$ cat my_file15.txt   # compact mmCIF, C-alpha atoms
# COMPACT_ATOMS: atom_id res chain seq x y z
CA MET R 1 -27.27 -16.83 -164.58
CA SER R 2 -23.94 -16.00 -166.23
CA ARG R 3 -21.25 -14.10 -164.37
CA LYS R 4 -20.59 -10.54 -165.45
CA ASP R 5 -17.71 -11.44 -167.74
CA HIS R 6 -17.55 -15.24 -167.93
CA VAL R 7 -19.49 -18.51 -168.00
CA ASN R 8 -18.52 -21.32 -165.62
CA VAL R 9 -18.74 -24.61 -167.51
CA ALA R 10 -19.21 -28.06 -165.98
CA LEU R 11 -18.36 -30.93 -168.33
CA ILE R 12 -19.96 -34.35 -167.78
CA GLY R 13 -18.09 -37.20 -169.48
CA GLN R 14 -14.60 -37.75 -170.85
CA ALA R 15 -13.36 -40.04 -173.64
CA PHE R 16 -13.60 -38.91 -177.28
CA MET R 17 -16.14 -36.11 -176.93
CA GLY R 18 -14.79 -35.01 -173.57
CA ARG R 19 -11.46 -34.30 -175.22
CA ALA R 20 -13.08 -32.43 -178.11
CA HIS R 21 -15.22 -30.28 -175.82
CA SER R 22 -12.36 -29.62 -173.39
CA ASN R 23 -10.13 -28.45 -176.21
CA ALA R 24 -12.89 -26.13 -177.44
CA TRP R 25 -13.50 -24.50 -174.05
CA GLY R 26 -9.75 -24.15 -173.56
CA GLN R 27 -9.15 -22.52 -176.95
CA VAL R 28 -12.18 -20.31 -177.47
CA ASN R 29 -10.95 -17.40 -175.35
CA ARG R 30 -7.57 -17.47 -177.08
CA PHE R 31 -8.76 -17.27 -180.67
CA PHE R 32 -12.06 -15.41 -180.34
CA ASP R 33 -13.25 -12.41 -178.38
CA PRO R 34 -16.62 -13.61 -177.02
CA PRO R 35 -18.88 -11.28 -175.01
CA LEU R 36 -18.53 -13.76 -172.12
CA ARG R 37 -15.39 -15.80 -171.59
CA ALA R 38 -15.45 -19.53 -170.90
CA ALA R 39 -14.17 -20.70 -167.50
CA MET R 40 -13.43 -24.44 -167.19
CA HIS R 41 -14.92 -24.82 -163.74
CA ALA R 42 -15.43 -28.56 -163.24
CA THR R 43 -15.38 -31.94 -164.94
CA CYS R 44 -17.32 -35.02 -163.85
CA ASP R 45 -16.89 -38.75 -164.38
CA VAL R 46 -17.45 -41.89 -162.32
CA ASN R 47 -13.78 -42.95 -162.16
CA ALA R 48 -11.86 -40.95 -159.55
CA ASP R 49 -8.36 -41.58 -160.92
CA SER R 50 -9.21 -40.91 -164.55
CA VAL R 51 -11.25 -37.78 -163.84
CA ARG R 52 -8.39 -36.23 -161.87
CA ALA R 53 -5.90 -37.06 -164.63
CA PHE R 54 -8.32 -35.73 -167.24
CA ALA R 55 -8.77 -32.47 -165.32
CA ARG R 56 -5.01 -31.96 -165.01
CA ARG R 57 -4.41 -32.60 -168.69
CA TRP R 58 -7.20 -30.40 -170.04
CA GLY R 59 -7.29 -27.60 -167.47
CA TRP R 60 -10.47 -28.19 -165.47
CA ALA R 61 -10.29 -26.50 -162.07
CA ASN R 62 -12.41 -29.00 -160.09
CA THR R 63 -13.59 -32.61 -160.30
CA THR R 64 -16.55 -34.60 -159.04
CA LEU R 65 -17.81 -38.17 -159.37
CA ASP R 66 -21.49 -37.21 -159.12
CA TYR R 67 -23.11 -35.29 -161.97
CA LYS R 68 -25.90 -34.21 -159.61
CA LYS R 69 -23.36 -32.30 -157.53
CA ALA R 70 -21.99 -30.62 -160.64
CA VAL R 71 -25.50 -29.63 -161.74
CA ALA R 72 -26.43 -28.31 -158.27
CA ASP R 73 -23.21 -26.32 -157.85
CA PRO R 74 -24.28 -22.63 -157.65
CA ALA R 75 -21.01 -21.64 -159.33
CA VAL R 76 -21.94 -23.54 -162.53
CA ASP R 77 -23.65 -21.64 -165.37
CA LEU R 78 -23.53 -24.13 -168.24
CA VAL R 79 -23.68 -27.92 -168.08
CA ASP R 80 -21.99 -29.61 -171.04
CA ILE R 81 -23.14 -33.23 -171.54
CA CYS R 82 -20.94 -35.58 -173.58
CA THR R 83 -22.01 -38.98 -172.24
CA PRO R 84 -23.60 -41.98 -173.99
CA ASN R 85 -27.06 -41.17 -175.35
CA HIS R 86 -29.17 -42.87 -172.66
CA LEU R 87 -27.80 -40.45 -170.06
CA HIS R 88 -28.69 -37.26 -171.93
CA ARG R 89 -32.26 -37.11 -170.63
CA PRO R 90 -31.67 -37.43 -166.84
CA MET R 91 -28.66 -35.12 -166.93
CA ALA R 92 -30.31 -32.46 -169.08
CA LEU R 93 -33.51 -32.52 -167.03
CA ALA R 94 -31.54 -32.16 -163.79
CA ALA R 95 -29.56 -29.26 -165.21
CA LEU R 96 -32.63 -27.44 -166.55
CA LYS R 97 -34.44 -27.96 -163.24
CA ALA R 98 -31.47 -26.31 -161.53
CA GLY R 99 -31.74 -23.38 -163.92
CA LYS R 100 -28.53 -24.14 -165.80
CA HIS R 101 -27.91 -23.63 -169.50
CA VAL R 102 -27.31 -26.98 -171.23
CA ALA R 103 -25.09 -27.96 -174.15
CA CYS R 104 -25.75 -31.59 -175.11
CA GLU R 105 -23.94 -33.93 -177.48
CA LYS R 106 -25.81 -35.26 -180.50
CA PRO R 107 -28.16 -36.88 -181.13
CA LEU R 108 -30.39 -35.12 -178.64
CA ALA R 109 -31.27 -38.49 -177.08
CA GLY R 110 -31.30 -42.20 -177.76
CA THR R 111 -35.07 -42.32 -178.18
CA LEU R 112 -37.81 -40.00 -179.35
CA ASP R 113 -39.52 -40.25 -175.95
CA ASP R 114 -36.38 -39.06 -174.18
CA ALA R 115 -35.91 -36.26 -176.70
CA ARG R 116 -39.52 -35.15 -176.26
CA ALA R 117 -39.10 -34.95 -172.49
CA MET R 118 -35.96 -32.86 -172.94
CA VAL R 119 -37.74 -30.43 -175.27
CA GLN R 120 -40.64 -30.08 -172.86
CA ALA R 121 -38.24 -29.31 -170.01
CA ALA R 122 -36.43 -26.75 -172.17
CA ARG R 123 -39.72 -25.04 -173.04
CA ALA R 124 -40.54 -24.73 -169.36
CA SER R 125 -37.11 -23.29 -168.51
CA LYS R 126 -35.63 -19.84 -169.00
CA ALA R 127 -32.23 -21.42 -169.64
CA LYS R 128 -30.67 -21.69 -173.09
CA THR R 129 -30.07 -25.07 -174.72
CA PHE R 130 -27.59 -26.14 -177.40
CA VAL R 131 -26.82 -29.38 -179.25
CA TRP R 132 -23.32 -30.13 -180.58
CA TYR R 133 -24.03 -30.65 -184.26
CA CYS R 134 -20.52 -29.33 -184.81
CA TYR R 135 -20.35 -29.77 -188.59
CA ARG R 136 -22.54 -26.70 -188.99
CA ARG R 137 -19.44 -24.84 -187.74
CA CYS R 138 -17.24 -25.85 -190.69
CA PRO R 139 -16.67 -22.57 -192.55
CA ALA R 140 -17.56 -24.35 -195.80
CA VAL R 141 -20.89 -25.65 -194.44
CA ALA R 142 -21.75 -22.25 -192.96
CA LEU R 143 -20.91 -20.69 -196.34
CA ALA R 144 -23.19 -23.18 -198.10
CA HIS R 145 -25.97 -22.10 -195.74
CA LEU R 146 -25.35 -18.45 -196.68
CA LEU R 147 -25.24 -19.13 -200.42
CA VAL R 148 -28.60 -20.90 -200.27
CA ARG R 149 -30.06 -17.97 -198.32
CA GLN R 150 -28.74 -15.60 -200.98
CA GLY R 151 -30.63 -17.54 -203.66
CA ARG R 152 -27.50 -18.65 -205.51
CA VAL R 153 -28.72 -22.19 -206.10
CA GLY R 154 -32.31 -21.20 -206.83
CA GLN R 155 -35.07 -23.66 -206.02
CA ILE R 156 -33.60 -26.82 -204.53
CA ARG R 157 -34.63 -29.91 -206.48
CA HIS R 158 -32.35 -32.69 -205.31
CA VAL R 159 -30.26 -33.52 -202.22
CA ARG R 160 -27.76 -36.36 -201.70
CA ALA R 161 -26.06 -36.97 -198.35
CA HIS R 162 -23.74 -39.67 -197.06
CA TYR R 163 -21.71 -40.50 -193.97
CA LEU R 164 -19.39 -43.47 -194.32
CA GLN R 165 -16.88 -44.85 -191.82
CA ASP R 166 -14.98 -48.14 -191.59
CA TRP R 167 -13.91 -48.40 -187.95
CA ALA R 168 -16.54 -50.92 -186.81
CA GLY R 169 -14.94 -54.12 -188.05
CA PRO R 170 -15.47 -57.56 -186.47
CA ASP R 171 -12.56 -57.17 -184.04
CA VAL R 172 -14.06 -54.10 -182.33
CA PRO R 173 -15.63 -55.16 -178.99
CA LEU R 174 -19.20 -54.66 -177.86
CA ALA R 175 -18.88 -51.01 -176.76
CA TRP R 176 -21.87 -48.83 -175.86
CA ARG R 177 -22.34 -47.73 -179.47
CA PHE R 178 -23.45 -51.29 -180.31
CA ASP R 179 -26.04 -51.49 -177.53
CA ARG R 180 -29.54 -50.16 -178.27
CA ARG R 181 -30.24 -49.55 -174.56
CA LEU R 182 -27.35 -47.10 -174.38
CA ALA R 183 -27.16 -45.66 -177.91
CA GLY R 184 -30.73 -45.91 -179.22
CA SER R 185 -29.47 -46.94 -182.65
CA GLY R 186 -26.18 -47.57 -184.45
CA ALA R 187 -24.87 -45.80 -187.53
CA HIS R 188 -28.28 -44.13 -187.73
CA GLY R 189 -28.18 -42.04 -184.55
CA ASP R 190 -24.41 -41.85 -184.52
CA ILE R 191 -23.69 -40.50 -188.01
CA ASP R 192 -26.96 -40.32 -189.98
CA ALA R 193 -28.02 -37.68 -187.45
CA HIS R 194 -25.17 -35.43 -188.61
CA ILE R 195 -26.11 -35.43 -192.29
CA ILE R 196 -29.81 -35.02 -191.51
CA ASP R 197 -28.95 -31.96 -189.45
CA MET R 198 -26.50 -30.59 -192.05
CA THR R 199 -28.96 -30.84 -194.92
CA ARG R 200 -31.74 -29.29 -192.85
CA PHE R 201 -29.35 -26.48 -191.93
CA VAL R 202 -28.02 -25.79 -195.42
CA THR R 203 -31.35 -26.06 -197.27
CA GLY R 204 -33.35 -24.24 -194.60
CA GLN R 205 -36.09 -26.84 -195.14
CA GLU R 206 -37.59 -29.66 -193.12
CA ILE R 207 -37.89 -33.29 -194.15
CA THR R 208 -41.57 -34.11 -194.55
CA GLU R 209 -41.66 -37.75 -195.72
CA ILE R 210 -39.50 -40.86 -195.50
CA CYS R 211 -39.61 -43.98 -197.66
CA GLY R 212 -37.47 -46.89 -198.78
CA ALA R 213 -35.59 -47.13 -195.49
CA ILE R 214 -33.26 -50.10 -195.06
CA THR R 215 -31.30 -51.01 -191.94
CA GLU R 216 -28.79 -53.84 -191.68
CA THR R 217 -26.64 -55.35 -188.95
CA PHE R 218 -23.74 -57.22 -190.56
CA ILE R 219 -21.97 -58.35 -187.41
CA LYS R 220 -24.55 -59.97 -185.13
CA GLN R 221 -22.27 -60.68 -182.16
CA ARG R 222 -19.13 -59.10 -180.75
CA ARG R 223 -16.74 -59.95 -177.95
CA LYS R 224 -17.73 -58.22 -174.72
CA LEU R 225 -15.90 -55.07 -173.71
CA VAL R 226 -13.37 -55.01 -170.89
CA GLY R 227 -12.65 -51.56 -169.47
CA ALA R 228 -13.31 -48.41 -171.47
CA ALA R 229 -12.12 -46.55 -174.57
CA ALA R 230 -8.87 -44.59 -174.46
CA GLY R 231 -10.20 -41.41 -176.03
CA GLY R 232 -11.24 -42.31 -179.56
CA ILE R 233 -14.28 -44.03 -181.04
CA ALA R 234 -12.70 -47.48 -180.76
CA ALA R 235 -9.18 -46.67 -179.58
CA GLY R 236 -7.77 -48.88 -176.84
CA LEU R 237 -10.83 -51.11 -176.57
CA LYS R 238 -10.13 -54.50 -174.99
CA ALA R 239 -12.33 -57.56 -175.22
CA SER R 240 -12.99 -60.78 -173.34
CA ALA R 241 -13.55 -64.17 -174.94
CA ALA R 242 -17.28 -64.04 -174.18
CA LYS R 243 -19.61 -62.65 -176.82
CA GLY R 244 -22.77 -60.55 -176.69
CA LYS R 245 -25.49 -59.61 -179.15
CA VAL R 246 -25.26 -56.45 -181.26
CA THR R 247 -28.64 -54.70 -181.04
CA VAL R 248 -28.14 -51.73 -183.38
CA ASP R 249 -27.74 -51.16 -187.10
CA ASP R 250 -24.43 -51.11 -188.99
CA ALA R 251 -25.85 -49.37 -192.07
CA VAL R 252 -28.95 -47.32 -192.93
CA LEU R 253 -30.21 -45.99 -196.27
CA PHE R 254 -33.41 -44.04 -196.95
CA LEU R 255 -35.18 -41.68 -199.34
CA ALA R 256 -36.91 -38.47 -198.31
CA ARG R 257 -38.82 -35.38 -199.40
CA PHE R 258 -38.09 -31.85 -198.21
CA SER R 259 -40.69 -29.20 -197.48
CA GLY R 260 -39.59 -27.14 -200.51
CA GLY R 261 -40.26 -30.00 -202.91
CA ALA R 262 -36.76 -31.50 -203.19
CA VAL R 263 -36.22 -35.25 -203.19
CA ALA R 264 -33.29 -36.70 -201.27
CA SER R 265 -31.25 -39.80 -200.56
CA PHE R 266 -29.26 -40.56 -197.39
CA GLU R 267 -26.82 -43.33 -196.54
CA ALA R 268 -24.84 -44.03 -193.39
CA ALA R 269 -22.52 -46.94 -192.63
CA ARG R 270 -19.79 -47.73 -190.12
CA GLN R 271 -18.28 -50.61 -192.14
CA ALA R 272 -17.77 -48.90 -195.50
CA THR R 273 -14.23 -50.11 -196.12
CA GLY R 274 -11.84 -47.38 -197.21
CA ASN R 275 -13.99 -44.55 -195.83
CA MET R 276 -12.55 -43.34 -192.57
CA ASN R 277 -14.76 -40.27 -192.06
CA ALA R 278 -16.27 -39.57 -195.47
CA HIS R 279 -19.35 -37.47 -195.19
CA GLY R 280 -20.97 -34.63 -197.00
CA PHE R 281 -23.73 -33.55 -199.33
CA GLU R 282 -24.59 -32.41 -202.82
CA ILE R 283 -27.45 -29.94 -203.27
CA ASN R 284 -28.76 -29.32 -206.79
CA GLY R 285 -30.94 -26.30 -207.57
CA THR R 286 -32.35 -24.44 -210.55
CA LYS R 287 -29.56 -21.85 -210.55
CA GLY R 288 -26.64 -23.85 -209.24
CA SER R 289 -25.34 -26.60 -207.00
CA LEU R 290 -23.19 -27.06 -203.89
CA ARG R 291 -21.00 -29.99 -202.92
CA PHE R 292 -19.14 -30.65 -199.63
CA ASN R 293 -16.87 -33.47 -198.42
CA PHE R 294 -15.66 -33.34 -194.82
CA GLU R 295 -12.44 -35.16 -195.58
CA GLN R 296 -11.59 -31.95 -197.50
CA MET R 297 -13.41 -29.77 -194.99
CA ASN R 298 -11.82 -26.46 -195.95
CA TRP R 299 -13.34 -26.60 -199.42
CA LEU R 300 -16.84 -26.01 -200.79
CA GLU R 301 -17.60 -26.74 -204.44
CA TYR R 302 -20.01 -24.40 -206.21
CA TYR R 303 -21.58 -24.72 -209.67
CA ASP R 304 -23.03 -21.49 -211.07
CA ALA R 305 -25.60 -22.42 -213.72
CA THR R 306 -26.34 -18.72 -214.38
CA ALA R 307 -22.85 -18.14 -215.81
CA PRO R 308 -22.33 -18.38 -219.60
CA ARG R 309 -22.38 -22.03 -220.62
CA VAL R 310 -18.84 -21.86 -221.93
CA VAL R 311 -17.43 -21.21 -218.42
CA GLN R 312 -19.81 -23.29 -216.34
CA GLY R 313 -18.14 -25.88 -214.13
CA TRP R 314 -17.54 -26.89 -210.53
CA THR R 315 -15.55 -24.19 -208.72
CA PRO R 316 -13.61 -25.25 -205.59
CA ILE R 317 -13.70 -22.50 -202.96
CA ASN R 318 -11.07 -22.50 -200.22
CA CYS R 319 -13.15 -21.34 -197.23
CA THR R 320 -10.33 -19.93 -195.12
CA HIS R 321 -10.34 -16.29 -196.28
CA GLY R 322 -10.37 -14.40 -193.01
CA GLY R 323 -12.36 -11.45 -194.25
CA ASP R 324 -14.87 -13.45 -196.25
CA HIS R 325 -15.77 -16.81 -194.73
CA PRO R 326 -17.57 -17.66 -191.46
CA TYR R 327 -15.22 -18.13 -188.46
CA ALA R 328 -12.07 -17.96 -190.63
CA ALA R 329 -10.90 -14.57 -189.36
CA ALA R 330 -10.28 -16.00 -185.87
CA TRP R 331 -7.77 -18.56 -187.03
CA TRP R 332 -4.85 -18.34 -189.44
CA PRO R 333 -3.84 -16.40 -192.60
CA ASP R 334 -5.69 -17.21 -195.83
CA ALA R 335 -5.43 -20.86 -196.91
CA HIS R 336 -3.72 -21.93 -193.67
CA ILE R 337 -6.26 -24.67 -193.23
CA ILE R 338 -8.12 -25.68 -190.07
CA GLY R 339 -9.30 -29.09 -188.83
CA TYR R 340 -11.96 -31.10 -187.03
CA GLU R 341 -11.26 -29.66 -183.58
CA HIS R 342 -11.89 -26.13 -184.80
CA THR R 343 -15.56 -26.91 -185.44
CA PHE R 344 -16.05 -27.42 -181.70
CA THR R 345 -14.21 -24.21 -180.84
CA ASN R 346 -16.32 -22.33 -183.38
CA MET R 347 -19.43 -23.72 -181.71
CA ALA R 348 -18.18 -22.83 -178.23
CA TYR R 349 -17.78 -19.26 -179.52
CA ASP R 350 -21.34 -19.19 -180.84
CA ILE R 351 -22.65 -20.55 -177.51
CA LEU R 352 -20.86 -17.76 -175.66
CA ARG R 353 -22.22 -15.21 -178.13
CA VAL R 354 -25.78 -16.36 -177.45
CA LEU R 355 -25.26 -16.39 -173.68
CA GLY R 356 -23.80 -12.89 -174.00
CA GLY R 357 -26.89 -11.60 -175.81
CA GLN R 358 -25.45 -11.67 -179.33
CA LYS R 359 -26.49 -13.57 -182.45
CA PRO R 360 -24.37 -16.60 -183.39
CA VAL R 361 -22.28 -16.46 -186.55
CA ALA R 362 -24.48 -19.24 -187.96
CA PRO R 363 -27.73 -20.58 -186.50
CA LEU R 364 -27.21 -22.87 -183.50
CA PRO R 365 -29.33 -25.97 -182.93
CA ASP R 366 -31.18 -25.89 -179.61
CA PHE R 367 -33.29 -28.71 -178.17
CA GLU R 368 -36.26 -27.72 -180.35
CA ASP R 369 -34.14 -27.77 -183.50
CA ALA R 370 -32.41 -31.05 -182.64
CA TYR R 371 -35.81 -32.58 -181.88
CA GLN R 372 -36.72 -32.17 -185.56
CA THR R 373 -33.71 -34.30 -186.49
CA GLN R 374 -34.75 -36.81 -183.81
CA ARG R 375 -38.21 -37.04 -185.42
CA VAL R 376 -36.57 -37.86 -188.77
CA LEU R 377 -34.43 -40.55 -187.11
CA GLU R 378 -37.58 -42.11 -185.67
CA ALA R 379 -39.49 -41.91 -188.97
CA VAL R 380 -36.67 -43.75 -190.74
CA LEU R 381 -36.77 -46.59 -188.21
CA ILE R 382 -40.54 -46.87 -188.60
CA SER R 383 -40.21 -46.93 -192.40
CA ALA R 384 -37.54 -49.65 -192.24
CA ARG R 385 -39.49 -51.74 -189.75
CA GLN R 386 -42.89 -51.44 -191.47
CA ARG R 387 -41.60 -51.09 -195.05
CA ARG R 388 -43.79 -48.10 -195.89
CA TRP R 389 -43.90 -44.34 -196.44
CA VAL R 390 -43.88 -42.36 -193.20
CA SER R 391 -45.09 -38.76 -192.96
CA LEU R 392 -43.25 -36.65 -190.42
CA ALA R 393 -46.62 -35.18 -189.48
CA SER R 394 -47.40 -38.54 -187.86
CA VAL R 395 -44.19 -38.60 -185.79
CA LYS R 396 -44.71 -36.27 -182.85
$ encode --input "my_file15.txt" --output "structure tokens"
Amino acid sequence: MSRKDHVNVALIGQAFMGRAHSNAWGQVNRFFDPPLRAAMHATCDVNADSVRAFARRWGWANTTLDYKKAVADPAVDLVDICTPNHLHRPMALAALKAGKHVACEKPLAGTLDDARAMVQAARASKAKTFVWYCYRRCPAVALAHLLVRQGRVGQIRHVRAHYLQDWAGPDVPLAWRFDRRLAGSGAHGDIDAHIIDMTRFVTGQEITEICGAITETFIKQRRKLVGAAAGGIAAGLKASAAKGKVTVDDAVLFLARFSGGAVASFEAARQATGNMNAHGFEINGTKGSLRFNFEQMNWLEYYDATAPRVVQGWTPINCTHGGDHPYAAAWWPDAHIIGYEHTFTNMAYDILRVLGGQKPVAPLPDFEDAYQTQRVLEAVLISARQRRWVSLASVK
């Protein structure tokens, strides 16, 4: 599949995630020394003018308007999907059928049925699959994962997770993220998925039960979209005078149990005024606790309950020590902090490590792994709709 010394990547989609992925593939060879180098072979989008301009700006060698041509291209090794959620299934299935490795944006799909079909196709293929839950690649989150594995927090008793944004005000038009047919859900699949994945990753446990789920749509109608976004979540969106119905949630809250016995609370909202991208977790155990906030992403807070009581307290750890923290050695001198875009580059490095026969720095989510998060997303919606406990064993 892969060339002797490199992997030819075909990117499907542009906009916000297209920029993030393009930057990652363009930077990974410069800052890391992967066993296989990334080659930016082709990018694909339906608009001829914009795809050519995008390719020139980001360094893609070729362009196409038809994702099926990109998938069928014998020169392509890895298909990278960063389109709206409803397109993940047909694109991933086409790529796997063609024998290509697939890296897919999160969530795995808009619906559990689509996600299940993608997992089944992955099981039947010899190709590798990856899902861009990029926050696992924050050095602080990867360190939290290691500290839990080392037993430093003891038995986990309690988990709190939140993801709050405020970009989705009433003036934002009816973009695809507000349409259930295209997105599957709103804040739930968009940002709840991230904190579900992060807590599963850090604790090493699965969510087994859901209860108390609440979903709410505060803005019932929005002005219809004209054109497309300019590269951000809502940047450059233009609207007509006509309005359309919002068919997804604006906020979701739920309670959960983990397989190790911990209880947990989750909240996600895209209209939490004053919170631009505030997300993170607190994990409390019998020997200590961990706390992370992405808006201060270079830091992990650690509470060591085994230390003498007189010196116990929350210790902020700057996770940019090159010789000590995951991924940090590739970047800058100690305490020269990194940012959001580096999480994608760190993941691109781990993808290339796996394709080159090496272990990733931190565990990578594949379709099977991301399907477990998709099952939780579905269980929450069932709990909210039916106002009852939902066992994950019943959500297949």
$ residues_near_point --input "my_file15.txt" --point "(-40.1, -33.5, -191.6)" --cutoff "7 Å" --atoms "all atoms listed in the file" --output "list in words"
Glu206, Ile207, Thr208, Glu209, Val376 and Leu392 of chain R
$ closest_residue --input "my_file15.txt" --among "R:Asn346, R:Thr129, R:Asn8, R:Thr373" --to "Pro74 (chain R)" --atoms "only C-alpha atoms"
R:Asn8
$ residues_around --input "my_file15.txt" --residues "Arg137 (chain R)" --least-positions-apart "3" --cutoff "8 Å" --atoms "only C-alpha atoms" --output "PyMOL selection string"
chain R and resi 134+141-142+327+343-344+346-347+362
$ residues_around --input "my_file15.txt" --residues "Pro333 (chain R)" --least-positions-apart "2" --cutoff "9 Å" --atoms "all atoms listed in the file" --output "list in words"
Thr320, His321, Gly322, Ala328, Ala329, Trp331, Ala335, His336 and Ile337 of chain R
$ closest_residue --input "my_file15.txt" --among "R:Lys97, R:Leu253, R:Arg149, R:Gly356" --to "Arg123 (chain R)" --atoms "only C-alpha atoms"
R:Lys97
$ residues_around --input "my_file15.txt" --residues "region 35-43 of chain R" --least-positions-apart "6" --cutoff "9 Å" --atoms "all atoms listed in the file" --output "PyMOL selection string"
chain R and resi 2-14+22+25-26+28-29+51-52+54-55+59-65+67+70+75-76+348-349+352-358
$ atom_distance --input "my_file15.txt" --atom1 "CA of Ala98 (chain R)" --atom2 "CA of Gln372 (chain R)"
25.3 Å
$ closest_residue --input "my_file15.txt" --among "R:His145, R:Arg257, R:Lys106, R:Arg181" --to "Arg157 (chain R)" --atoms "all atoms listed in the file"
R:Arg257
$ closest_residue --input "my_file15.txt" --among "R:Asn293, R:Thr247, R:Gln205, R:Thr217" --to "Gly280 (chain R)" --atoms "all atoms listed in the file"
R:Asn293
$ residues_around --input "my_file15.txt" --residues "Val153 (chain R)" --least-positions-apart "6" --cutoff "8 Å" --atoms "all atoms listed in the file" --output "number ranges by chain"
R: 147, 284-290, 304
$ write_last_selection --input "my_file15.txt" --atoms "C-alpha atoms" --output "mmCIF file, keeping the file's coordinate frame"
data_model
loop_
_atom_site.group_PDB
_atom_site.id
_atom_site.type_symbol
_atom_site.label_atom_id
_atom_site.label_comp_id
_atom_site.auth_asym_id
_atom_site.auth_seq_id
_atom_site.Cartn_x
_atom_site.Cartn_y
_atom_site.Cartn_z
ATOM 1 C CA LEU R 147 -25.240 -19.130 -200.420
ATOM 2 C CA ASN R 284 -28.760 -29.320 -206.790
ATOM 3 C CA GLY R 285 -30.940 -26.300 -207.570
ATOM 4 C CA THR R 286 -32.350 -24.440 -210.550
ATOM 5 C CA LYS R 287 -29.560 -21.850 -210.550
ATOM 6 C CA GLY R 288 -26.640 -23.850 -209.240
ATOM 7 C CA SER R 289 -25.340 -26.600 -207.000
ATOM 8 C CA LEU R 290 -23.190 -27.060 -203.890
ATOM 9 C CA ASP R 304 -23.030 -21.490 -211.070
#
$ closest_residue --input "my_file15.txt" --among "R:Asp166, R:Asp77, R:Asp334, R:Glu267" --to "His188 (chain R)" --atoms "all atoms listed in the file"
R:Glu267
$ residues_around --input "my_file15.txt" --residues "Gly189 (chain R)" --least-positions-apart "3" --cutoff "8 Å" --atoms "all atoms listed in the file" --output "ChimeraX atom specification"
/R:107,110,183-186,192-193,377
$ write_last_selection --input "my_file15.txt" --atoms "C-alpha atoms" --output "mmCIF file, in the frame of the given file"
data_model
loop_
_atom_site.group_PDB
_atom_site.id
_atom_site.type_symbol
_atom_site.label_atom_id
_atom_site.label_comp_id
_atom_site.auth_asym_id
_atom_site.auth_seq_id
_atom_site.Cartn_x
_atom_site.Cartn_y
_atom_site.Cartn_z
ATOM 1 C CA PRO R 107 -28.160 -36.880 -181.130
ATOM 2 C CA GLY R 110 -31.300 -42.200 -177.760
ATOM 3 C CA ALA R 183 -27.160 -45.660 -177.910
ATOM 4 C CA GLY R 184 -30.730 -45.910 -179.220
ATOM 5 C CA SER R 185 -29.470 -46.940 -182.650
ATOM 6 C CA GLY R 186 -26.180 -47.570 -184.450
ATOM 7 C CA ASP R 192 -26.960 -40.320 -189.980
ATOM 8 C CA ALA R 193 -28.020 -37.680 -187.450
ATOM 9 C CA LEU R 377 -34.430 -40.550 -187.110
#
$ atom_distance --input "my_file15.txt" --atom1 "CA of Phe178 (chain R)" --atom2 "CA of Ala251 (chain R)"
12.2 Å
$ closest_residue --input "my_file15.txt" --among "R:Ser391, R:Asp179, R:Glu341, R:Arg375" --to "Asn23 (chain R)" --atoms "all atoms listed in the file"
R:Glu341
$ atom_distance --input "my_file15.txt" --atom1 "CA of Val380 (chain R)" --atom2 "CA of Asp249 (chain R)"
12.2 Å
$ residues_near_point --input "my_file15.txt" --point "(-41.0, -36.1, -180.6)" --cutoff "7 Å" --atoms "all atoms listed in the file" --output "PDB file with C-alpha atoms, in the coordinates of the input"
ATOM      1  CA  LEU R 112     -37.810 -40.000-179.350  1.00  0.00           C
ATOM      2  CA  ASP R 113     -39.520 -40.250-175.950  1.00  0.00           C
ATOM      3  CA  ALA R 115     -35.910 -36.260-176.700  1.00  0.00           C
ATOM      4  CA  ARG R 116     -39.520 -35.150-176.260  1.00  0.00           C
ATOM      5  CA  TYR R 371     -35.810 -32.580-181.880  1.00  0.00           C
ATOM      6  CA  ARG R 375     -38.210 -37.040-185.420  1.00  0.00           C
ATOM      7  CA  VAL R 395     -44.190 -38.600-185.790  1.00  0.00           C
ATOM      8  CA  LYS R 396     -44.710 -36.270-182.850  1.00  0.00           C
TER       9      LYS R 396
END
$ decode --input "my_file15.txt" --residues "region 30-36 of chain R" --atoms "N, CA and C atoms" --output "mmCIF file, in the first residue's frame"
data_model
loop_
_atom_site.group_PDB
_atom_site.id
_atom_site.type_symbol
_atom_site.label_atom_id
_atom_site.label_comp_id
_atom_site.auth_asym_id
_atom_site.auth_seq_id
_atom_site.Cartn_x
_atom_site.Cartn_y
_atom_site.Cartn_z
ATOM 1 N N ARG R 30 8.552 18.242 8.713
ATOM 2 C CA ARG R 30 9.526 19.252 9.118
ATOM 3 C C ARG R 30 9.896 19.130 10.595
ATOM 4 N N PHE R 31 8.914 18.781 11.415
ATOM 5 C CA PHE R 31 9.160 18.776 12.853
ATOM 6 C C PHE R 31 9.402 17.382 13.418
ATOM 7 N N PHE R 32 8.920 16.362 12.741
ATOM 8 C CA PHE R 32 9.106 14.988 13.199
ATOM 9 C C PHE R 32 9.950 14.222 12.189
ATOM 10 N N ASP R 33 10.342 13.038 12.569
ATOM 11 C CA ASP R 33 11.073 12.140 11.678
ATOM 12 C C ASP R 33 10.305 10.832 11.572
ATOM 13 N N PRO R 34 9.164 10.836 10.861
ATOM 14 C CA PRO R 34 8.325 9.640 10.788
ATOM 15 C C PRO R 34 8.977 8.557 9.935
ATOM 16 N N PRO R 35 8.607 7.293 10.146
ATOM 17 C CA PRO R 35 9.171 6.211 9.341
ATOM 18 C C PRO R 35 8.770 6.301 7.876
ATOM 19 N N LEU R 36 7.609 6.910 7.611
ATOM 20 C CA LEU R 36 7.161 7.224 6.256
ATOM 21 C C LEU R 36 6.810 8.703 6.217
#
